[in-house]
Structure formats: structure tokens, C-alpha cells
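For reference, the structure is listed below as C-alpha cells.
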Amino acid sequence: MSNTAIVADFIAGWEARDIDRIMTFFAPGATYHNIPMPKLTGHDAIRQFISGFLADAEKATFDIVHSAENAHGVVLNERVDTFVLKSGKTLRFEVMGVWELQAGKIVAWRDYFDMKDVERQMAG
């Protein structure tokens, strides 16, 4: 299975809002960094953050605009993430994602997005 396909399965876990499924994709000691937020390291920290985020979401979709993979285990994708929150708000923001994989597991995941845009949507 290609790393792009692994990332697609990982994203499907998010869209299903299935934290157990999501966590199976991370290697021990993996990092997750939503730029500009603090970097999370290890399953416990990553699970805690994602669980909290998904607890507020009724629906999550990641629409891939462009995707690329290299021979060094890196997958890049430009996407638009949409989260429908239980509060009734819909958050929609553009993201650039970077996944580093080794032996089929995510060892690092970074998402780059405009935090000010997210804050404006939360306040609106």
C-alpha cells in the first residue's frame, strides 16, 4: 500500500470520527504539530488532543485539492477541512498537511493553516 493510500485511510478515520482507528496509524513516539500550536509527542498527548477536538464535532470532511508523495516516505496534501460543530458552527479552512511515514506508520504529522482564520470563524 502506498503512503498516499495510508494517509487516505487515516483521513477516513477522521471523517468517521473514530479515535481508535485514527490512533492505529501513529508510530510510538510520533509527533503531531498544528502550526502554530504546540507540538504534541506520543500517543497519549496526540489522543487527548484529537479526542477533545472530535468530541465537539458532529461531522468532519477533508477535501484533498492536491496530493504528492516522494520516495522518502513523505506525503503532502493541500486540502480544505470542514468541521460541523455540535454548537451549530461550521469551520472551514485551508490546510497544507505533511506526513512522514516509516514502515507504514506516521512518525510525524504537521498541518499548516491560518489560525486567525479559525479564530474569526469561532468568534462569528
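How things are named: the first chain in the C-alpha cells is A, the next is B, and so on; residues count from 1 in each chain; ligands count from 1 in the order shown.
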Selection: 12 Å around Gly124 (chain A), only C-alpha atoms, excl. self and same-chain fewer than 2 positions, as JSON, numbers by chain: {"A": [88, 89, 90, 91, 117, 118, 119, 120, 121, 122]}
Please, which residues of chain A, numbered as in this document, come out strand (DSSP E or B) from DSSP, as a ChimeraX atom specification? /A:26-35,40-41,57-69,74-85,90-102,105-112
Convert the current residue selection to file output with C-alpha atoms, as a JSON list (two decimals), in the first residue's frame.
[["chain", "number", "residue", "atom", "x", "y", "z"],
["A", 26, "PHE", "CA", 0.69, 6.57, 14.56],
["A", 27, "ALA", "CA", 4.06, 5.03, 15.39],
["A", 28, "PRO", "CA", 5.13, 5.07, 19.06],
["A", 29, "GLY", "CA", 6.75, 8.42, 19.79],
["A", 30, "ALA", "CA", 5.06, 10.09, 16.80],
["A", 31, "THR", "CA", 4.64, 13.85, 16.69],
["A", 32, "TYR", "CA", 1.63, 15.91, 15.64],
["A", 33, "HIS", "CA", 2.10, 19.61, 15.12],
["A", 34, "ASN", "CA", -0.64, 22.01, 14.16],
["A", 35, "ILE", "CA", 1.43, 25.01, 13.20],
["A", 40, "LEU", "CA", 2.41, 17.03, 20.60],
["A", 41, "THR", "CA", 4.59, 13.96, 21.10],
["A", 57, "ALA", "CA", -17.55, 17.78, 16.01],
["A", 58, "GLU", "CA", -20.68, 16.26, 14.51],
["A", 59, "LYS", "CA", -19.07, 15.93, 11.09],
["A", 60, "ALA", "CA", -15.57, 16.19, 9.65],
["A", 61, "THR", "CA", -14.54, 16.24, 6.00],
["A", 62, "PHE", "CA", -11.10, 16.66, 4.47],
["A", 63, "ASP", "CA", -11.32, 17.58, 0.78],
["A", 64, "ILE", "CA", -7.98, 16.93, -0.91],
["A", 65, "VAL", "CA", -7.09, 19.57, -3.50],
["A", 66, "HIS", "CA", -3.60, 18.28, -4.39],
["A", 67, "SER", "CA", -1.50, 15.40, -3.09],
["A", 68, "ALA", "CA", 2.10, 14.31, -3.65],
["A", 69, "GLU", "CA", 4.33, 11.56, -2.33],
["A", 74, "VAL", "CA", 6.68, 11.91, 2.83],
["A", 75, "VAL", "CA", 3.11, 12.68, 1.74],
["A", 76, "LEU", "CA", 1.99, 16.26, 1.15],
["A", 77, "ASN", "CA", -1.55, 17.35, 0.62],
["A", 78, "GLU", "CA", -3.32, 20.63, 0.17],
["A", 79, "ARG", "CA", -6.85, 20.33, 1.44],
["A", 80, "VAL", "CA", -9.92, 22.08, 2.75],
["A", 81, "ASP", "CA", -11.06, 20.82, 6.16],
["A", 82, "THR", "CA", -14.65, 21.31, 7.24],
["A", 83, "PHE", "CA", -15.88, 20.61, 10.75],
["A", 84, "VAL", "CA", -19.54, 20.92, 11.69],
["A", 85, "LEU", "CA", -19.57, 21.50, 15.43],
["A", 90, "THR", "CA", -19.21, 25.19, 10.66],
["A", 91, "LEU", "CA", -15.46, 25.71, 10.46],
["A", 92, "ARG", "CA", -13.91, 25.58, 7.02],
["A", 93, "PHE", "CA", -10.23, 26.25, 6.50],
["A", 94, "GLU", "CA", -7.44, 25.65, 4.04],
["A", 95, "VAL", "CA", -4.63, 23.39, 5.22],
["A", 96, "MET", "CA", -1.27, 22.16, 3.96],
["A", 97, "GLY", "CA", -0.51, 18.77, 5.50],
["A", 98, "VAL", "CA", 2.84, 16.96, 5.74],
["A", 99, "TRP", "CA", 3.07, 13.33, 6.85],
["A", 100, "GLU", "CA", 6.32, 11.46, 7.39],
["A", 101, "LEU", "CA", 5.86, 7.69, 7.36],
["A", 102, "GLN", "CA", 8.15, 4.81, 8.23],
["A", 105, "LYS", "CA", 3.17, 4.29, 10.31],
["A", 106, "ILE", "CA", 3.00, 8.06, 10.78],
["A", 107, "VAL", "CA", 6.09, 9.25, 12.64],
["A", 108, "ALA", "CA", 5.37, 12.96, 12.13],
["A", 109, "TRP", "CA", 2.35, 14.95, 11.01],
["A", 110, "ARG", "CA", 2.33, 18.70, 10.51],
["A", 111, "ASP", "CA", -0.61, 20.84, 9.43],
["A", 112, "TYR", "CA", -0.07, 24.45, 8.38]]
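With CA of Asn70 (chain A) on one side and CA of Phe25 (chain A) on the other, the separation reads 18.8 Å.
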Could you find all residues in region 32-114 of chain A that DSSP calls helix (DSSP H, G or I) from the backbone, and write them as a PDB file with N, CA and C atoms, in the first residue's frame?
ATOM      1  N   HIS A  43       1.576   8.937  21.815  1.00  0.00           N
ATOM      2  CA  HIS A  43       0.176   8.554  21.658  1.00  0.00           C
ATOM      3  C   HIS A  43      -0.743   9.241  22.657  1.00  0.00           C
ATOM      4  N   ASP A  44      -0.341   9.332  23.916  1.00  0.00           N
ATOM      5  CA  ASP A  44      -1.231   9.909  24.928  1.00  0.00           C
ATOM      6  C   ASP A  44      -1.570  11.358  24.617  1.00  0.00           C
ATOM      7  N   ALA A  45      -0.563  12.165  24.305  1.00  0.00           N
ATOM      8  CA  ALA A  45      -0.796  13.585  24.017  1.00  0.00           C
ATOM      9  C   ALA A  45      -1.606  13.754  22.737  1.00  0.00           C
ATOM     10  N   ILE A  46      -1.280  12.966  21.711  1.00  0.00           N
ATOM     11  CA  ILE A  46      -1.998  13.065  20.443  1.00  0.00           C
ATOM     12  C   ILE A  46      -3.454  12.639  20.627  1.00  0.00           C
ATOM     13  N   ARG A  47      -3.674  11.519  21.307  1.00  0.00           N
ATOM     14  CA  ARG A  47      -5.041  11.033  21.544  1.00  0.00           C
ATOM     15  C   ARG A  47      -5.858  12.050  22.322  1.00  0.00           C
ATOM     16  N   GLN A  48      -5.284  12.628  23.344  1.00  0.00           N
ATOM     17  CA  GLN A  48      -6.010  13.599  24.167  1.00  0.00           C
ATOM     18  C   GLN A  48      -6.463  14.792  23.321  1.00  0.00           C
ATOM     19  N   PHE A  49      -5.560  15.321  22.487  1.00  0.00           N
ATOM     20  CA  PHE A  49      -5.912  16.467  21.652  1.00  0.00           C
ATOM     21  C   PHE A  49      -6.991  16.103  20.640  1.00  0.00           C
ATOM     22  N   ILE A  50      -6.789  15.028  19.906  1.00  0.00           N
ATOM     23  CA  ILE A  50      -7.740  14.652  18.866  1.00  0.00           C
ATOM     24  C   ILE A  50      -9.095  14.295  19.476  1.00  0.00           C
ATOM     25  N   SER A  51      -9.102  13.578  20.597  1.00  0.00           N
ATOM     26  CA  SER A  51     -10.367  13.220  21.263  1.00  0.00           C
ATOM     27  C   SER A  51     -11.155  14.463  21.639  1.00  0.00           C
ATOM     28  N   GLY A  52     -10.465  15.457  22.189  1.00  0.00           N
ATOM     29  CA  GLY A  52     -11.132  16.701  22.561  1.00  0.00           C
ATOM     30  C   GLY A  52     -11.707  17.413  21.362  1.00  0.00           C
ATOM     31  N   PHE A  53     -10.947  17.417  20.289  1.00  0.00           N
ATOM     32  CA  PHE A  53     -11.392  18.078  19.062  1.00  0.00           C
ATOM     33  C   PHE A  53     -12.606  17.356  18.479  1.00  0.00           C
ATOM     34  N   LEU A  54     -12.531  16.028  18.391  1.00  0.00           N
ATOM     35  CA  LEU A  54     -13.627  15.260  17.807  1.00  0.00           C
ATOM     36  C   LEU A  54     -14.878  15.271  18.678  1.00  0.00           C
ATOM     37  N   ALA A  55     -14.717  15.444  19.984  1.00  0.00           N
ATOM     38  CA  ALA A  55     -15.868  15.491  20.885  1.00  0.00           C
ATOM     39  C   ALA A  55     -16.788  16.658  20.542  1.00  0.00           C
TER      40      ALA A  55
END
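Residues with any atom within 12 Å of Arg21 (chain A), counting only C-alpha atoms and excluding same-chain neighbours fewer than 2 positions away, are Asp9, Phe10, Ile11, Ala12, Gly13, Trp14, Glu15, Ala16, Arg17, Asp18, Ile19, Met23, Thr24, Phe25, Phe26, Arg47, Ile50 and Ser51 of chain A.
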Using N, CA and C atoms, can you export the residues from the last selection as a PDB file, in the first residue's frame?
ATOM      1  N   ASP A   9      -6.541   6.518   4.203  1.00  0.00           N
ATOM      2  CA  ASP A   9      -7.229   5.708   5.220  1.00  0.00           C
ATOM      3  C   ASP A   9      -7.249   6.431   6.567  1.00  0.00           C
ATOM      4  N   PHE A  10      -6.161   7.101   6.884  1.00  0.00           N
ATOM      5  CA  PHE A  10      -6.076   7.892   8.120  1.00  0.00           C
ATOM      6  C   PHE A  10      -7.140   8.994   8.103  1.00  0.00           C
ATOM      7  N   ILE A  11      -7.238   9.695   6.994  1.00  0.00           N
ATOM      8  CA  ILE A  11      -8.237  10.759   6.851  1.00  0.00           C
ATOM      9  C   ILE A  11      -9.651  10.183   6.973  1.00  0.00           C
ATOM     10  N   ALA A  12      -9.870   9.005   6.420  1.00  0.00           N
ATOM     11  CA  ALA A  12     -11.180   8.360   6.544  1.00  0.00           C
ATOM     12  C   ALA A  12     -11.518   8.106   8.015  1.00  0.00           C
ATOM     13  N   GLY A  13     -10.512   7.808   8.830  1.00  0.00           N
ATOM     14  CA  GLY A  13     -10.731   7.658  10.268  1.00  0.00           C
ATOM     15  C   GLY A  13     -11.213   8.950  10.905  1.00  0.00           C
ATOM     16  N   TRP A  14     -10.641  10.068  10.461  1.00  0.00           N
ATOM     17  CA  TRP A  14     -11.098  11.380  10.946  1.00  0.00           C
ATOM     18  C   TRP A  14     -12.546  11.616  10.522  1.00  0.00           C
ATOM     19  N   GLU A  15     -12.837  11.332   9.265  1.00  0.00           N
ATOM     20  CA  GLU A  15     -14.186  11.580   8.765  1.00  0.00           C
ATOM     21  C   GLU A  15     -15.210  10.695   9.472  1.00  0.00           C
ATOM     22  N   ALA A  16     -14.783   9.519   9.932  1.00  0.00           N
ATOM     23  CA  ALA A  16     -15.649   8.629  10.711  1.00  0.00           C
ATOM     24  C   ALA A  16     -15.665   9.040  12.193  1.00  0.00           C
ATOM     25  N   ARG A  17     -14.791   9.959  12.557  1.00  0.00           N
ATOM     26  CA  ARG A  17     -14.632  10.437  13.938  1.00  0.00           C
ATOM     27  C   ARG A  17     -14.352   9.258  14.880  1.00  0.00           C
ATOM     28  N   ASP A  18     -13.438   8.388  14.436  1.00  0.00           N
ATOM     29  CA  ASP A  18     -13.098   7.159  15.152  1.00  0.00           C
ATOM     30  C   ASP A  18     -11.687   7.276  15.722  1.00  0.00           C
ATOM     31  N   ILE A  19     -11.588   7.699  16.970  1.00  0.00           N
ATOM     32  CA  ILE A  19     -10.279   7.954  17.587  1.00  0.00           C
ATOM     33  C   ILE A  19      -9.434   6.688  17.646  1.00  0.00           C
ATOM     34  N   MET A  23      -5.739   6.452  15.834  1.00  0.00           N
ATOM     35  CA  MET A  23      -4.512   6.214  16.604  1.00  0.00           C
ATOM     36  C   MET A  23      -3.716   5.024  16.098  1.00  0.00           C
ATOM     37  N   THR A  24      -4.359   4.083  15.385  1.00  0.00           N
ATOM     38  CA  THR A  24      -3.621   2.924  14.872  1.00  0.00           C
ATOM     39  C   THR A  24      -2.599   3.324  13.813  1.00  0.00           C
ATOM     40  N   PHE A  25      -2.739   4.506  13.238  1.00  0.00           N
ATOM     41  CA  PHE A  25      -1.830   4.950  12.181  1.00  0.00           C
ATOM     42  C   PHE A  25      -0.527   5.553  12.713  1.00  0.00           C
ATOM     43  N   PHE A  26      -0.492   5.916  13.994  1.00  0.00           N
ATOM     44  CA  PHE A  26       0.688   6.574  14.557  1.00  0.00           C
ATOM     45  C   PHE A  26       1.698   5.574  15.112  1.00  0.00           C
ATOM     46  N   ARG A  47      -3.674  11.519  21.307  1.00  0.00           N
ATOM     47  CA  ARG A  47      -5.041  11.033  21.544  1.00  0.00           C
ATOM     48  C   ARG A  47      -5.858  12.050  22.322  1.00  0.00           C
ATOM     49  N   ILE A  50      -6.789  15.028  19.906  1.00  0.00           N
ATOM     50  CA  ILE A  50      -7.740  14.652  18.866  1.00  0.00           C
ATOM     51  C   ILE A  50      -9.095  14.295  19.476  1.00  0.00           C
ATOM     52  N   SER A  51      -9.102  13.578  20.597  1.00  0.00           N
ATOM     53  CA  SER A  51     -10.367  13.220  21.263  1.00  0.00           C
ATOM     54  C   SER A  51     -11.155  14.463  21.639  1.00  0.00           C
TER      55      SER A  51
END
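CA of Asn3 (chain A) to CA of Pro36 (chain A) spans 25.2 Å [interatomic distance, one decimal].
Pairwise distance (CA of Met37 (chain A), CA of Met115 (chain A)) equals 8.8 Å.
The nearest approach to Ile6 (chain A) among the residues A:Ala103, A:Ala71, A:Ala123, A:Lys39, with only C-alpha atoms taken into account, belongs to A:Ala103.
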